[in-house]
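For reference, my_file00.cif is printed below; it contains mmCIF, N, CA and C atoms.
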data_model
loop_
_atom_site.label_atom_id
_atom_site.label_comp_id
_atom_site.auth_asym_id
_atom_site.auth_seq_id
_atom_site.Cartn_x
_atom_site.Cartn_y
_atom_site.Cartn_z
N MET E 1 0.84 -1.18 0.00
CA MET E 1 0.00 0.00 0.00
C MET E 1 0.89 1.24 0.00
N THR E 2 0.57 2.13 -0.84
CA THR E 2 1.26 3.41 -0.86
C THR E 2 0.26 4.50 -1.17
N GLY E 3 0.65 5.70 -0.92
CA GLY E 3 -0.26 6.80 -1.21
C GLY E 3 0.16 8.04 -0.45
N THR E 4 -0.72 9.01 -0.48
CA THR E 4 -0.46 10.25 0.25
C THR E 4 -1.53 10.41 1.31
N ALA E 5 -1.21 11.19 2.31
CA ALA E 5 -2.14 11.39 3.43
C ALA E 5 -3.36 12.17 2.98
N ARG E 6 -4.53 11.64 3.30
CA ARG E 6 -5.79 12.31 3.02
C ARG E 6 -6.41 12.89 4.28
N HIS E 7 -6.05 12.32 5.42
CA HIS E 7 -6.63 12.72 6.69
C HIS E 7 -5.53 13.16 7.65
N SER E 8 -5.69 14.32 8.24
CA SER E 8 -4.70 14.81 9.19
C SER E 8 -4.90 14.15 10.55
N PRO E 9 -3.88 14.18 11.41
CA PRO E 9 -4.06 13.66 12.77
C PRO E 9 -5.21 14.37 13.50
N GLN E 10 -5.35 15.65 13.27
CA GLN E 10 -6.40 16.43 13.91
C GLN E 10 -7.78 15.99 13.43
N GLU E 11 -7.92 15.74 12.12
CA GLU E 11 -9.20 15.30 11.57
C GLU E 11 -9.60 13.93 12.13
N LEU E 12 -8.63 13.01 12.19
CA LEU E 12 -8.94 11.68 12.72
C LEU E 12 -9.33 11.76 14.19
N ALA E 13 -8.65 12.59 14.97
CA ALA E 13 -9.01 12.75 16.38
C ALA E 13 -10.45 13.26 16.50
N ARG E 14 -10.80 14.21 15.66
CA ARG E 14 -12.16 14.76 15.67
C ARG E 14 -13.18 13.69 15.30
N LEU E 15 -12.89 12.92 14.25
CA LEU E 15 -13.81 11.86 13.81
C LEU E 15 -14.01 10.79 14.88
N LEU E 16 -12.95 10.54 15.66
CA LEU E 16 -13.00 9.50 16.68
C LEU E 16 -13.43 10.03 18.05
N GLY E 17 -13.68 11.34 18.14
CA GLY E 17 -14.08 11.92 19.42
C GLY E 17 -12.98 11.94 20.45
N LEU E 18 -11.75 12.10 19.99
CA LEU E 18 -10.59 12.11 20.89
C LEU E 18 -10.04 13.52 21.04
N PRO E 19 -9.28 13.77 22.11
CA PRO E 19 -8.64 15.07 22.24
C PRO E 19 -7.68 15.32 21.08
N GLN E 20 -7.54 16.56 20.69
CA GLN E 20 -6.62 16.92 19.62
C GLN E 20 -5.18 16.64 20.05
N PRO E 21 -4.36 16.10 19.15
CA PRO E 21 -2.95 15.90 19.51
C PRO E 21 -2.23 17.24 19.63
N THR E 22 -1.20 17.26 20.46
CA THR E 22 -0.36 18.46 20.54
C THR E 22 0.38 18.60 19.23
N SER E 23 1.02 19.73 19.01
CA SER E 23 1.77 19.92 17.77
C SER E 23 2.92 18.91 17.67
N GLU E 24 3.55 18.59 18.81
CA GLU E 24 4.63 17.59 18.81
C GLU E 24 4.08 16.21 18.46
N GLN E 25 2.94 15.84 19.06
CA GLN E 25 2.34 14.55 18.76
C GLN E 25 1.91 14.47 17.29
N ALA E 26 1.29 15.52 16.79
CA ALA E 26 0.84 15.54 15.39
C ALA E 26 2.02 15.36 14.43
N ALA E 27 3.16 15.97 14.76
CA ALA E 27 4.35 15.83 13.90
C ALA E 27 4.83 14.37 13.88
N ILE E 28 4.76 13.69 15.00
CA ILE E 28 5.16 12.28 15.06
C ILE E 28 4.14 11.41 14.34
N ILE E 29 2.87 11.66 14.58
CA ILE E 29 1.80 10.87 13.96
C ILE E 29 1.89 10.92 12.44
N ALA E 30 2.16 12.10 11.89
CA ALA E 30 2.18 12.30 10.44
C ALA E 30 3.59 12.32 9.86
N ALA E 31 4.56 11.79 10.59
CA ALA E 31 5.94 11.76 10.09
C ALA E 31 6.02 10.89 8.84
N PRO E 32 7.04 11.13 8.00
CA PRO E 32 7.21 10.30 6.80
C PRO E 32 7.29 8.82 7.15
N LEU E 33 6.95 7.99 6.19
CA LEU E 33 6.93 6.55 6.38
C LEU E 33 8.35 6.01 6.44
N SER E 34 8.92 6.07 7.62
CA SER E 34 10.27 5.58 7.88
C SER E 34 10.37 5.36 9.39
N PRO E 35 11.41 4.65 9.84
CA PRO E 35 11.54 4.46 11.28
C PRO E 35 11.59 5.80 12.02
N VAL E 36 10.95 5.83 13.18
CA VAL E 36 10.90 7.05 13.98
C VAL E 36 11.30 6.69 15.40
N LEU E 37 12.20 7.44 15.98
CA LEU E 37 12.59 7.27 17.38
C LEU E 37 12.00 8.42 18.15
N VAL E 38 11.23 8.10 19.18
CA VAL E 38 10.63 9.12 20.04
C VAL E 38 11.09 8.84 21.46
N ILE E 39 11.69 9.83 22.07
CA ILE E 39 12.13 9.71 23.45
C ILE E 39 11.27 10.64 24.28
N ALA E 40 10.57 10.07 25.25
CA ALA E 40 9.66 10.87 26.08
C ALA E 40 9.53 10.21 27.44
N GLY E 41 9.24 11.01 28.43
CA GLY E 41 9.13 10.53 29.80
C GLY E 41 7.79 9.87 30.08
N ALA E 42 7.70 9.34 31.30
CA ALA E 42 6.47 8.68 31.75
C ALA E 42 5.31 9.67 31.73
N GLY E 43 4.17 9.19 31.27
CA GLY E 43 2.98 10.00 31.28
C GLY E 43 2.92 11.08 30.21
N SER E 44 3.80 10.99 29.22
CA SER E 44 3.86 12.03 28.19
C SER E 44 2.98 11.74 26.98
N GLY E 45 2.35 10.58 26.94
CA GLY E 45 1.47 10.26 25.83
C GLY E 45 2.09 9.38 24.76
N LYS E 46 3.12 8.60 25.11
CA LYS E 46 3.78 7.75 24.12
C LYS E 46 2.83 6.70 23.54
N THR E 47 2.10 6.00 24.41
CA THR E 47 1.18 4.96 23.93
C THR E 47 0.10 5.57 23.07
N GLU E 48 -0.44 6.71 23.49
CA GLU E 48 -1.47 7.40 22.72
C GLU E 48 -0.94 7.80 21.34
N THR E 49 0.28 8.31 21.30
CA THR E 49 0.87 8.75 20.03
C THR E 49 1.15 7.56 19.13
N MET E 50 1.63 6.44 19.70
CA MET E 50 1.86 5.24 18.90
C MET E 50 0.55 4.74 18.29
N ALA E 51 -0.50 4.71 19.10
CA ALA E 51 -1.81 4.26 18.60
C ALA E 51 -2.31 5.19 17.51
N ALA E 52 -2.19 6.49 17.73
CA ALA E 52 -2.66 7.47 16.75
C ALA E 52 -1.87 7.35 15.44
N ARG E 53 -0.57 7.10 15.54
CA ARG E 53 0.24 6.94 14.32
C ARG E 53 -0.20 5.71 13.53
N ALA E 54 -0.39 4.59 14.21
CA ALA E 54 -0.82 3.38 13.53
C ALA E 54 -2.17 3.60 12.83
N VAL E 55 -3.09 4.22 13.53
CA VAL E 55 -4.42 4.49 12.96
C VAL E 55 -4.31 5.46 11.79
N TRP E 56 -3.49 6.48 11.93
CA TRP E 56 -3.30 7.47 10.85
C TRP E 56 -2.73 6.79 9.60
N LEU E 57 -1.73 5.92 9.78
CA LEU E 57 -1.12 5.22 8.64
C LEU E 57 -2.15 4.36 7.91
N VAL E 58 -2.97 3.61 8.67
CA VAL E 58 -3.98 2.75 8.06
C VAL E 58 -5.08 3.58 7.41
N ALA E 59 -5.57 4.59 8.13
CA ALA E 59 -6.67 5.41 7.62
C ALA E 59 -6.29 6.13 6.33
N ASN E 60 -5.03 6.43 6.16
CA ASN E 60 -4.56 7.11 4.96
C ASN E 60 -4.10 6.15 3.88
N GLY E 61 -4.27 4.85 4.10
CA GLY E 61 -3.91 3.86 3.10
C GLY E 61 -2.42 3.71 2.88
N LEU E 62 -1.62 4.15 3.84
CA LEU E 62 -0.16 4.05 3.70
C LEU E 62 0.36 2.68 4.08
N VAL E 63 -0.35 1.99 4.97
CA VAL E 63 -0.01 0.62 5.36
C VAL E 63 -1.30 -0.13 5.64
N ALA E 64 -1.20 -1.44 5.60
CA ALA E 64 -2.31 -2.30 6.01
C ALA E 64 -2.11 -2.64 7.49
N PRO E 65 -3.17 -2.95 8.21
CA PRO E 65 -3.01 -3.27 9.63
C PRO E 65 -1.98 -4.37 9.90
N GLU E 66 -1.91 -5.36 9.02
CA GLU E 66 -0.97 -6.46 9.24
C GLU E 66 0.49 -6.08 8.98
N GLU E 67 0.74 -4.87 8.54
CA GLU E 67 2.10 -4.40 8.30
C GLU E 67 2.67 -3.60 9.48
N ILE E 68 1.93 -3.50 10.56
CA ILE E 68 2.35 -2.68 11.69
C ILE E 68 3.01 -3.54 12.76
N LEU E 69 4.14 -3.08 13.27
CA LEU E 69 4.82 -3.72 14.38
C LEU E 69 5.08 -2.64 15.42
N GLY E 70 4.60 -2.84 16.62
CA GLY E 70 4.85 -1.89 17.71
C GLY E 70 5.43 -2.64 18.88
N LEU E 71 6.41 -2.07 19.56
CA LEU E 71 7.03 -2.69 20.72
C LEU E 71 6.81 -1.82 21.95
N THR E 72 6.52 -2.45 23.06
CA THR E 72 6.37 -1.74 24.32
C THR E 72 7.22 -2.46 25.36
N PHE E 73 7.37 -1.85 26.52
CA PHE E 73 8.17 -2.46 27.57
C PHE E 73 7.34 -3.23 28.58
N THR E 74 6.04 -3.09 28.57
CA THR E 74 5.21 -3.83 29.52
C THR E 74 4.03 -4.46 28.81
N ARG E 75 3.53 -5.53 29.38
CA ARG E 75 2.33 -6.18 28.83
C ARG E 75 1.13 -5.24 28.92
N LYS E 76 1.07 -4.48 29.99
CA LYS E 76 -0.04 -3.54 30.16
C LYS E 76 -0.06 -2.54 29.01
N ALA E 77 1.09 -1.94 28.70
CA ALA E 77 1.15 -0.96 27.61
C ALA E 77 0.83 -1.62 26.27
N ALA E 78 1.30 -2.84 26.06
CA ALA E 78 1.02 -3.55 24.81
C ALA E 78 -0.48 -3.81 24.67
N GLY E 79 -1.11 -4.23 25.75
CA GLY E 79 -2.55 -4.46 25.71
C GLY E 79 -3.32 -3.19 25.44
N GLU E 80 -2.91 -2.09 26.09
CA GLU E 80 -3.57 -0.80 25.87
C GLU E 80 -3.39 -0.35 24.42
N LEU E 81 -2.18 -0.49 23.90
CA LEU E 81 -1.91 -0.09 22.53
C LEU E 81 -2.77 -0.88 21.55
N SER E 82 -2.77 -2.19 21.71
CA SER E 82 -3.55 -3.05 20.82
C SER E 82 -5.03 -2.70 20.87
N GLU E 83 -5.57 -2.53 22.07
CA GLU E 83 -6.99 -2.24 22.23
C GLU E 83 -7.35 -0.89 21.61
N ARG E 84 -6.53 0.12 21.81
CA ARG E 84 -6.80 1.44 21.22
C ARG E 84 -6.83 1.37 19.70
N ILE E 85 -5.86 0.67 19.14
CA ILE E 85 -5.80 0.57 17.68
C ILE E 85 -7.01 -0.19 17.15
N ARG E 86 -7.34 -1.31 17.78
CA ARG E 86 -8.50 -2.10 17.35
C ARG E 86 -9.78 -1.27 17.35
N ARG E 87 -10.05 -0.61 18.49
CA ARG E 87 -11.28 0.18 18.61
C ARG E 87 -11.34 1.28 17.57
N ARG E 88 -10.24 1.97 17.37
CA ARG E 88 -10.23 3.11 16.45
C ARG E 88 -10.35 2.68 15.01
N LEU E 89 -9.67 1.61 14.63
CA LEU E 89 -9.80 1.13 13.26
C LEU E 89 -11.22 0.64 12.99
N ALA E 90 -11.81 -0.01 13.98
CA ALA E 90 -13.20 -0.47 13.81
C ALA E 90 -14.14 0.72 13.66
N ALA E 91 -13.92 1.77 14.45
CA ALA E 91 -14.76 2.97 14.35
C ALA E 91 -14.60 3.64 12.99
N LEU E 92 -13.37 3.70 12.50
CA LEU E 92 -13.14 4.30 11.18
C LEU E 92 -13.74 3.43 10.08
N ALA E 93 -13.61 2.12 10.21
CA ALA E 93 -14.17 1.21 9.21
C ALA E 93 -15.69 1.38 9.15
N ALA E 94 -16.31 1.59 10.30
CA ALA E 94 -17.76 1.80 10.33
C ALA E 94 -18.14 3.08 9.58
N ARG E 95 -17.21 4.01 9.46
CA ARG E 95 -17.42 5.25 8.71
C ARG E 95 -16.92 5.15 7.28
N GLY E 96 -16.41 3.97 6.91
CA GLY E 96 -15.92 3.77 5.55
C GLY E 96 -14.51 4.29 5.32
N LEU E 97 -13.75 4.51 6.39
CA LEU E 97 -12.38 5.01 6.27
C LEU E 97 -11.38 3.94 6.65
N GLY E 98 -10.28 3.87 5.93
CA GLY E 98 -9.18 2.99 6.30
C GLY E 98 -9.47 1.53 6.03
N ALA E 99 -8.58 0.69 6.54
CA ALA E 99 -8.66 -0.75 6.32
C ALA E 99 -8.94 -1.46 7.63
N GLY E 100 -9.84 -0.94 8.43
CA GLY E 100 -10.13 -1.53 9.73
C GLY E 100 -10.99 -2.77 9.66
N ALA E 101 -11.65 -2.99 8.54
CA ALA E 101 -12.52 -4.16 8.42
C ALA E 101 -11.68 -5.43 8.44
N GLY E 102 -12.23 -6.47 9.00
CA GLY E 102 -11.54 -7.76 9.01
C GLY E 102 -10.56 -7.93 10.14
N LEU E 103 -10.52 -7.02 11.10
CA LEU E 103 -9.56 -7.17 12.18
C LEU E 103 -9.85 -8.40 13.03
N GLY E 104 -11.08 -8.87 13.04
CA GLY E 104 -11.38 -10.08 13.79
C GLY E 104 -10.67 -11.29 13.22
N GLU E 105 -10.46 -11.30 11.91
CA GLU E 105 -9.81 -12.43 11.27
C GLU E 105 -8.29 -12.29 11.26
N ARG E 106 -7.79 -11.07 11.19
CA ARG E 106 -6.35 -10.86 11.10
C ARG E 106 -5.94 -9.84 12.15
N GLY E 107 -6.33 -10.10 13.37
CA GLY E 107 -6.22 -9.12 14.44
C GLY E 107 -4.81 -8.74 14.82
N LEU E 108 -4.75 -7.72 15.66
CA LEU E 108 -3.49 -7.24 16.18
C LEU E 108 -3.07 -8.10 17.34
N GLY E 109 -1.79 -8.46 17.41
CA GLY E 109 -1.26 -9.17 18.56
C GLY E 109 -0.70 -8.15 19.54
N ALA E 110 -0.55 -8.53 20.78
CA ALA E 110 -0.01 -7.61 21.76
C ALA E 110 0.86 -8.36 22.74
N GLY E 111 1.93 -7.74 23.12
CA GLY E 111 2.81 -8.31 24.12
C GLY E 111 3.89 -7.32 24.44
N SER E 112 4.82 -7.74 25.26
CA SER E 112 5.91 -6.84 25.62
C SER E 112 7.22 -7.55 25.39
N GLY E 113 8.25 -6.79 25.29
CA GLY E 113 9.57 -7.36 25.12
C GLY E 113 10.62 -6.43 25.66
N ARG E 114 11.73 -7.00 26.06
CA ARG E 114 12.84 -6.19 26.56
C ARG E 114 14.08 -6.57 25.76
N GLY E 115 14.79 -5.56 25.30
CA GLY E 115 16.04 -5.82 24.61
C GLY E 115 15.88 -5.96 23.11
N ALA E 116 17.01 -6.11 22.47
CA ALA E 116 17.03 -6.20 21.01
C ALA E 116 16.31 -7.45 20.54
N GLY E 117 15.59 -7.32 19.45
CA GLY E 117 14.93 -8.45 18.84
C GLY E 117 13.66 -8.89 19.53
N ALA E 118 13.13 -8.07 20.42
CA ALA E 118 11.93 -8.48 21.14
C ALA E 118 10.77 -8.76 20.21
N GLY E 119 10.71 -8.08 19.08
CA GLY E 119 9.61 -8.28 18.15
C GLY E 119 9.64 -9.64 17.47
N ALA E 120 10.79 -10.28 17.44
CA ALA E 120 10.90 -11.56 16.77
C ALA E 120 10.52 -12.72 17.68
N GLY E 121 10.45 -12.49 18.96
CA GLY E 121 10.15 -13.55 19.91
C GLY E 121 8.68 -13.69 20.17
N ASP E 122 8.36 -14.37 21.27
CA ASP E 122 6.96 -14.61 21.53
C ASP E 122 6.30 -13.49 22.33
N ARG E 123 6.94 -12.36 22.45
CA ARG E 123 6.34 -11.25 23.17
C ARG E 123 6.22 -9.99 22.33
N GLY E 124 6.42 -10.07 21.03
CA GLY E 124 6.31 -8.89 20.19
C GLY E 124 4.87 -8.45 20.00
N PHE E 125 4.68 -7.24 19.57
CA PHE E 125 3.37 -6.74 19.20
C PHE E 125 3.36 -6.72 17.70
N GLY E 126 2.44 -7.40 17.09
CA GLY E 126 2.40 -7.40 15.64
C GLY E 126 0.98 -7.42 15.14
N ALA E 127 0.80 -6.90 14.00
CA ALA E 127 -0.52 -6.94 13.38
C ALA E 127 -0.53 -8.04 12.35
N GLY E 128 -1.64 -8.75 12.27
CA GLY E 128 -1.76 -9.80 11.27
C GLY E 128 -0.97 -11.04 11.58
N ALA E 129 -0.66 -11.26 12.85
CA ALA E 129 0.15 -12.41 13.21
C ALA E 129 -0.63 -13.72 13.12
N GLY E 130 -1.90 -13.64 12.87
CA GLY E 130 -2.68 -14.85 12.68
C GLY E 130 -4.05 -14.72 13.33
N PRO E 131 -4.92 -15.68 13.10
CA PRO E 131 -6.27 -15.61 13.64
C PRO E 131 -6.25 -15.66 15.16
N GLY E 132 -7.05 -14.80 15.77
CA GLY E 132 -7.23 -14.84 17.20
C GLY E 132 -6.01 -14.47 18.01
N VAL E 133 -5.08 -13.74 17.46
CA VAL E 133 -3.88 -13.37 18.18
C VAL E 133 -4.26 -12.47 19.33
N GLY E 134 -3.69 -12.71 20.48
CA GLY E 134 -4.02 -11.90 21.65
C GLY E 134 -2.79 -11.61 22.48
N GLU E 135 -3.00 -11.10 23.66
CA GLU E 135 -1.91 -10.68 24.52
C GLU E 135 -0.96 -11.83 24.79
N GLY E 136 0.34 -11.54 24.72
CA GLY E 136 1.36 -12.52 25.02
C GLY E 136 1.74 -13.39 23.85
N GLN E 137 1.05 -13.30 22.75
CA GLN E 137 1.41 -14.08 21.58
C GLN E 137 2.22 -13.20 20.67
N GLY E 138 3.03 -13.80 19.86
CA GLY E 138 4.01 -13.02 19.12
C GLY E 138 3.70 -12.75 17.69
N ALA E 139 4.65 -12.09 17.08
CA ALA E 139 4.56 -11.70 15.68
C ALA E 139 5.32 -12.69 14.82
N ARG E 140 5.58 -13.90 15.34
CA ARG E 140 6.33 -14.88 14.57
C ARG E 140 5.55 -15.44 13.40
N GLY E 141 4.29 -15.69 13.60
CA GLY E 141 3.48 -16.30 12.54
C GLY E 141 3.21 -15.31 11.42
N SER E 142 2.64 -15.82 10.37
CA SER E 142 2.27 -14.94 9.27
C SER E 142 0.77 -15.01 9.08
N GLY E 143 0.23 -13.94 8.57
CA GLY E 143 -1.22 -13.89 8.34
C GLY E 143 -1.65 -14.86 7.27
N PRO E 144 -2.95 -15.10 7.18
CA PRO E 144 -3.46 -16.05 6.19
C PRO E 144 -3.19 -15.61 4.77
#
Output the structure of this file as structure tokens.
Amino acid sequence: MTGTARHSPQELARLLGLPQPTSEQAAIIAAPLSPVLVIAGAGSGKTETMAARAVWLVANGLVAPEEILGLTFTRKAAGELSERIRRRLAALAARGLGAGAGLGERGLGAGSGRGAGAGAGDRGFGAGAGPGVGEGQGARGSGP
């Protein structure tokens, strides 16, 4: 999937009934399609910004849900991230935006990992890792 952004982070927040992102968050959410390193302290909105970026990428047709890999340091954060993305993509799909349909069949996985290569093990967060993927299962498998 490739394309250009049709929906701004602010527009998606409005459509989803969420608070508007700060200018710093909006810049991260709409950053070019390349690896992004964000360093921020506790309680600064990292999980929210990661979820908003994933939703923005899918809603704008830049990636499919199964192409997203997110890593967190705790199972709690991974579960929160996965749930936020699922809910928002489903809400957008109900409005005819993005590729949120079918998440039940090719759902997002969630887990946590510490150290290099955490995404390759059984604790990575991955989208499209297989049917019924849930917390603690990894991104090792491939989608149907």
For this session: Record the distance separating atom C of E:Val38 and atom CA of E:Glu24, expressed in Å with one decimal.
Result: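 Result for atom C of E:Val38 versus atom CA of E:Glu24: 11.2 Å, one decimal.
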Problem set entry | Distance query stretch 87-98 of chain E at most 8 Å, only C-alpha atoms, self and fewer than 5 positions along chain excluded, as a VMD selection string | chain E and resid 16 55 58 to 61 103
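For the residues E:Ala40, E:Ala30, E:Ala5, E:Ile68, ranking by smallest atom-to-atom distance to E:Ala52 using only N, CA and C atoms places E:Ala30 first.
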Exercise. Atom CA of E:Glu83 and atom CA of E:Thr47, how far apart in Å?
Worked result: 11.0 Å
For this session: Record the distance separating atom C of E:Ser44 and atom CA of E:Glu67, expressed in Å with one decimal.
Result: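 Interatomic distance, atom C of E:Ser44 to atom CA of E:Glu67: 24.7 Å.
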Exercise. Closest to E:Glu80 among E:Lys46, E:Val36, E:Ala27, E:Leu57, using only C-alpha atoms?
Worked result: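 Going through E:Lys46, E:Val36, E:Ala27, E:Leu57 one by one, the smallest distance to E:Glu80 is for E:Lys46.
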Exercise. Which one of E:Thr4, E:Gln10, E:Gln25, E:Thr72 sits closest to E:Gly45 if you count all atoms listed in the file?
Worked result: E:Gln25
Problem set entry | Residues matched by the PyMOL selection byres (((chain E and resi 51 and name CA) around 8) and name CA) as a ChimeraX atom specification | /E:47-50,52-55,81-82,84-85
Next, the residues of the selection above should be written as a PDB file, keeping the file's coordinate frame with N, CA and C atoms.
ATOM      1  N   THR E  47       2.100   6.000  24.410  1.00  0.00           N
ATOM      2  CA  THR E  47       1.180   4.960  23.930  1.00  0.00           C
ATOM      3  C   THR E  47       0.100   5.570  23.070  1.00  0.00           C
ATOM      4  N   GLU E  48      -0.440   6.710  23.490  1.00  0.00           N
ATOM      5  CA  GLU E  48      -1.470   7.400  22.720  1.00  0.00           C
ATOM      6  C   GLU E  48      -0.940   7.800  21.340  1.00  0.00           C
ATOM      7  N   THR E  49       0.280   8.310  21.300  1.00  0.00           N
ATOM      8  CA  THR E  49       0.870   8.750  20.030  1.00  0.00           C
ATOM      9  C   THR E  49       1.150   7.560  19.130  1.00  0.00           C
ATOM     10  N   MET E  50       1.630   6.440  19.700  1.00  0.00           N
ATOM     11  CA  MET E  50       1.860   5.240  18.900  1.00  0.00           C
ATOM     12  C   MET E  50       0.550   4.740  18.290  1.00  0.00           C
ATOM     13  N   ALA E  52      -2.190   6.490  17.730  1.00  0.00           N
ATOM     14  CA  ALA E  52      -2.660   7.470  16.750  1.00  0.00           C
ATOM     15  C   ALA E  52      -1.870   7.350  15.440  1.00  0.00           C
ATOM     16  N   ARG E  53      -0.570   7.100  15.540  1.00  0.00           N
ATOM     17  CA  ARG E  53       0.240   6.940  14.320  1.00  0.00           C
ATOM     18  C   ARG E  53      -0.200   5.710  13.530  1.00  0.00           C
ATOM     19  N   ALA E  54      -0.390   4.590  14.210  1.00  0.00           N
ATOM     20  CA  ALA E  54      -0.820   3.380  13.530  1.00  0.00           C
ATOM     21  C   ALA E  54      -2.170   3.600  12.830  1.00  0.00           C
ATOM     22  N   VAL E  55      -3.090   4.220  13.530  1.00  0.00           N
ATOM     23  CA  VAL E  55      -4.420   4.490  12.960  1.00  0.00           C
ATOM     24  C   VAL E  55      -4.310   5.460  11.790  1.00  0.00           C
ATOM     25  N   LEU E  81      -2.180  -0.490  23.900  1.00  0.00           N
ATOM     26  CA  LEU E  81      -1.910  -0.090  22.530  1.00  0.00           C
ATOM     27  C   LEU E  81      -2.770  -0.880  21.550  1.00  0.00           C
ATOM     28  N   SER E  82      -2.770  -2.190  21.710  1.00  0.00           N
ATOM     29  CA  SER E  82      -3.550  -3.050  20.820  1.00  0.00           C
ATOM     30  C   SER E  82      -5.030  -2.700  20.870  1.00  0.00           C
ATOM     31  N   ARG E  84      -6.530   0.120  21.810  1.00  0.00           N
ATOM     32  CA  ARG E  84      -6.800   1.440  21.220  1.00  0.00           C
ATOM     33  C   ARG E  84      -6.830   1.370  19.700  1.00  0.00           C
ATOM     34  N   ILE E  85      -5.860   0.670  19.140  1.00  0.00           N
ATOM     35  CA  ILE E  85      -5.800   0.570  17.680  1.00  0.00           C
ATOM     36  C   ILE E  85      -7.010  -0.190  17.150  1.00  0.00           C
TER      37      ILE E  85
END
